[in-house]
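Peer 1: Here it is: the structure, laid out below.
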Amino acid sequence: MSKDGDDLNRLARSLRTHYAIRDAVAKAGGKLESPKRVFADDPDDDILEIIEAAFAGEHRRKNAEQTMTRMRARVMNGYWVFQAPWGYRFEKASGGGKHLVRDEPIASIIQEGLEGYASGRFGSQAEVKRFFESNALFPKDRQGLVTNERVNQILTQPLYAGYIEVPRWNLSLRKGQHDGLISLEAFDLIQQRLAGKARAPSRKDINADFPMRGFIACGDCHYPMRARLANRSATSGF
């Protein structure tokens, strides 16, 4: 508990909420008590309580504004301040604060999924989803699945290209202070494919001869098997 855990400002975040809590406690037959003040039922005490609760709410609002200002300034300097996305973790920086670093093995799995979609190895988001689910080391839900929403978040997150963007704070795309898992060019290609503006490059091994390409995983490394046409002259001796 903090040193001010018994202060009046710990009860609620606003004056309205403060009295809503107090009324609910009284209605249930309870009584508010504090080591630092006495809640008396008289007009003078009511006025004092209103003043204290109002000042507490304003103090909390100012703290929230200051915290938001610091967070926004840090993002402007290229540092991520929210929850670390899959494939990254926070590590203390030498100059103070924290910055994103790769979190293996998830980082390499996501990198392969992103590069695979950008190159056309995976022809759809569904194939990327199945690739993630085929890897035993990739996080899944209780049913052993990766949601479509999660896959879309990974495919559209500029953090994986080493860039930062926070639209709700009107902060446009900018270079981050962390290393990306893929290049910005690969990320842009992914966005074009998602928007239907780019087609996957044509490859010889993407045809009916390899219907299970990308769906069967190796029992040792858990990575999907890749397709390859055999050189008949080399194997037959002709």
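All residue names refer to the structure tokens as shown: chains lettered A, B, ... in order, residues numbered from 1 in each chain, ligands numbered from 1 in order.
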Write out as an MDAnalysis selection string the residues lying within 9 Å of A:Asn148, counting only C-alpha atoms and excluding same-chain residues fewer than 5 positions away.

Peer 2: chainID A and resid 125:126 129 153

Peer 1: Restricted to all heavy atoms, what would the selected residues look like written as an mmCIF file, in the first residue's frame?

Peer 2:
data_model
loop_
_atom_site.group_PDB
_atom_site.id
_atom_site.type_symbol
_atom_site.label_atom_id
_atom_site.label_comp_id
_atom_site.auth_asym_id
_atom_site.auth_seq_id
_atom_site.Cartn_x
_atom_site.Cartn_y
_atom_site.Cartn_z
ATOM 1 N N GLN A 125 -4.019 -14.328 -45.484
ATOM 2 C CA GLN A 125 -3.903 -14.236 -44.031
ATOM 3 C C GLN A 125 -4.188 -15.589 -43.388
ATOM 4 O O GLN A 125 -3.630 -15.909 -42.339
ATOM 5 C CB GLN A 125 -4.883 -13.192 -43.500
ATOM 6 C CG GLN A 125 -4.543 -11.761 -43.874
ATOM 7 C CD GLN A 125 -5.419 -10.752 -43.156
ATOM 8 O OE1 GLN A 125 -5.396 -10.648 -41.938
ATOM 9 N NE2 GLN A 125 -6.217 -10.006 -43.924
ATOM 10 N N ALA A 126 -5.055 -16.364 -44.026
ATOM 11 C CA ALA A 126 -5.391 -17.678 -43.484
ATOM 12 C C ALA A 126 -4.162 -18.582 -43.460
ATOM 13 O O ALA A 126 -3.967 -19.365 -42.522
ATOM 14 C CB ALA A 126 -6.497 -18.317 -44.315
ATOM 15 N N LYS A 129 -2.017 -17.514 -40.608
ATOM 16 C CA LYS A 129 -2.648 -18.015 -39.384
ATOM 17 C C LYS A 129 -2.291 -19.481 -39.154
ATOM 18 O O LYS A 129 -1.908 -19.884 -38.053
ATOM 19 C CB LYS A 129 -4.158 -17.836 -39.485
ATOM 20 C CG LYS A 129 -4.968 -18.348 -38.295
ATOM 21 C CD LYS A 129 -6.443 -18.058 -38.513
ATOM 22 C CE LYS A 129 -7.292 -18.482 -37.313
ATOM 23 N NZ LYS A 129 -7.299 -19.941 -37.121
ATOM 24 N N GLN A 153 -3.514 -7.878 -36.689
ATOM 25 C CA GLN A 153 -2.741 -6.922 -35.895
ATOM 26 C C GLN A 153 -1.255 -7.051 -36.189
ATOM 27 O O GLN A 153 -0.536 -6.049 -36.296
ATOM 28 C CB GLN A 153 -3.005 -7.149 -34.401
ATOM 29 C CG GLN A 153 -4.391 -6.726 -33.940
ATOM 30 C CD GLN A 153 -4.653 -7.112 -32.491
ATOM 31 O OE1 GLN A 153 -3.894 -7.895 -31.896
ATOM 32 N NE2 GLN A 153 -5.723 -6.587 -31.919
#

Peer 1: Where does DSSP see helix (DSSP H, G or I) in stretch 49-200 of chain A, if you list the residues as JSON, numbers by chain?

Peer 2: {"A": [49, 50, 51, 52, 53, 54, 55, 56, 57, 58, 59, 60, 61, 62, 63, 64, 65, 66, 67, 68, 69, 70, 71, 72, 73, 74, 75, 76, 106, 107, 108, 109, 110, 111, 112, 113, 114, 115, 116, 117, 118, 119, 125, 126, 127, 128, 129, 130, 131, 132, 133, 134, 148, 149, 150, 151, 152, 153, 154, 155, 156, 158, 159, 160, 161, 167, 168, 169, 184, 185, 186, 187, 188, 189, 190, 191, 192, 193, 194]}

Peer 1: Run DSSP on the backbone of this structure and report the residues of stretch 40-142 of chain A it assigns to strand (DSSP E or B), as JSON, numbers by chain.

Peer 2: {"A": [88, 89, 90, 91, 92, 98, 99, 100, 101, 102]}

Peer 1: Restricting the output to all heavy atoms, write the selected residues as a short mmCIF file (atom, residue, chain, number, x, y, z; two decimals), in the first residue's frame.

Peer 2:
data_model
loop_
_atom_site.label_atom_id
_atom_site.label_comp_id
_atom_site.auth_asym_id
_atom_site.auth_seq_id
_atom_site.Cartn_x
_atom_site.Cartn_y
_atom_site.Cartn_z
N TYR A 88 8.34 -8.98 -28.99
CA TYR A 88 9.19 -8.00 -28.33
C TYR A 88 9.01 -8.08 -26.82
O TYR A 88 8.01 -8.55 -26.32
CB TYR A 88 8.85 -6.58 -28.79
CG TYR A 88 9.36 -6.22 -30.16
CD1 TYR A 88 8.51 -6.22 -31.26
CD2 TYR A 88 10.69 -5.87 -30.36
CE1 TYR A 88 8.97 -5.88 -32.53
CE2 TYR A 88 11.16 -5.52 -31.62
CZ TYR A 88 10.30 -5.53 -32.70
OH TYR A 88 10.77 -5.20 -33.94
N ARG A 89 10.00 -7.57 -26.12
CA ARG A 89 9.92 -7.39 -24.68
C ARG A 89 10.67 -6.11 -24.32
O ARG A 89 11.49 -5.62 -25.11
CB ARG A 89 10.53 -8.59 -23.93
CG ARG A 89 12.01 -8.81 -24.24
CD ARG A 89 12.55 -10.02 -23.49
NE ARG A 89 13.91 -10.32 -23.88
CZ ARG A 89 15.00 -9.71 -23.40
NH1 ARG A 89 14.86 -8.76 -22.49
NH2 ARG A 89 16.20 -10.04 -23.82
N PHE A 90 10.38 -5.56 -23.17
CA PHE A 90 11.05 -4.34 -22.72
C PHE A 90 12.34 -4.69 -21.98
O PHE A 90 12.39 -5.65 -21.22
CB PHE A 90 10.14 -3.53 -21.81
CG PHE A 90 9.11 -2.72 -22.54
CD1 PHE A 90 7.76 -3.03 -22.42
CD2 PHE A 90 9.48 -1.67 -23.35
CE1 PHE A 90 6.80 -2.28 -23.09
CE2 PHE A 90 8.53 -0.92 -24.03
CZ PHE A 90 7.19 -1.23 -23.89
N GLU A 91 13.33 -3.88 -22.23
CA GLU A 91 14.63 -4.03 -21.56
C GLU A 91 15.11 -2.64 -21.15
O GLU A 91 14.95 -1.67 -21.90
CB GLU A 91 15.64 -4.70 -22.49
CG GLU A 91 16.95 -5.03 -21.84
CD GLU A 91 17.88 -5.79 -22.79
OE1 GLU A 91 17.78 -7.03 -22.85
OE2 GLU A 91 18.67 -5.14 -23.49
N LYS A 92 15.71 -2.53 -19.99
CA LYS A 92 16.19 -1.24 -19.52
C LYS A 92 17.31 -0.72 -20.42
O LYS A 92 18.24 -1.45 -20.75
CB LYS A 92 16.69 -1.35 -18.08
CG LYS A 92 15.57 -1.52 -17.06
CD LYS A 92 16.12 -1.48 -15.64
CE LYS A 92 14.99 -1.58 -14.64
NZ LYS A 92 15.50 -1.53 -13.23
N LYS A 98 13.09 2.38 -20.78
CA LYS A 98 13.05 1.05 -21.36
C LYS A 98 12.87 1.15 -22.88
O LYS A 98 12.29 2.11 -23.37
CB LYS A 98 11.91 0.21 -20.76
CG LYS A 98 12.03 -0.03 -19.27
CD LYS A 98 10.87 -0.86 -18.75
CE LYS A 98 10.99 -1.11 -17.26
NZ LYS A 98 9.84 -1.92 -16.75
N HIS A 99 13.36 0.15 -23.59
CA HIS A 99 13.16 0.10 -25.03
C HIS A 99 12.87 -1.34 -25.44
O HIS A 99 13.14 -2.28 -24.69
CB HIS A 99 14.38 0.65 -25.78
CG HIS A 99 15.59 -0.22 -25.67
ND1 HIS A 99 16.35 -0.28 -24.53
CD2 HIS A 99 16.18 -1.07 -26.57
CE1 HIS A 99 17.36 -1.13 -24.72
NE2 HIS A 99 17.26 -1.62 -25.94
N LEU A 100 12.30 -1.49 -26.63
CA LEU A 100 11.92 -2.81 -27.12
C LEU A 100 13.12 -3.58 -27.67
O LEU A 100 13.95 -3.01 -28.37
CB LEU A 100 10.86 -2.67 -28.23
CG LEU A 100 9.49 -2.14 -27.83
CD1 LEU A 100 8.63 -1.94 -29.07
CD2 LEU A 100 8.80 -3.08 -26.84
N VAL A 101 13.17 -4.86 -27.35
CA VAL A 101 14.17 -5.76 -27.92
C VAL A 101 13.46 -7.03 -28.36
O VAL A 101 12.34 -7.32 -27.92
CB VAL A 101 15.28 -6.11 -26.90
CG1 VAL A 101 16.07 -4.86 -26.51
CG2 VAL A 101 14.70 -6.77 -25.66
N ARG A 102 14.10 -7.79 -29.25
CA ARG A 102 13.50 -9.03 -29.74
C ARG A 102 13.26 -10.01 -28.60
O ARG A 102 14.08 -10.13 -27.69
CB ARG A 102 14.41 -9.68 -30.79
CG ARG A 102 14.53 -8.90 -32.08
CD ARG A 102 15.53 -9.60 -33.01
NE ARG A 102 15.03 -10.88 -33.46
CZ ARG A 102 14.65 -11.13 -34.71
NH1 ARG A 102 14.68 -10.18 -35.62
NH2 ARG A 102 14.22 -12.33 -35.06
#

Peer 1: Between atom CA of A:Lys175 and atom CA of A:Tyr163, what is the distance in Å, rounded to a tenth?

Peer 2: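 Separating atom CA of A:Lys175 from atom CA of A:Tyr163 is a distance of 4.5 Å.
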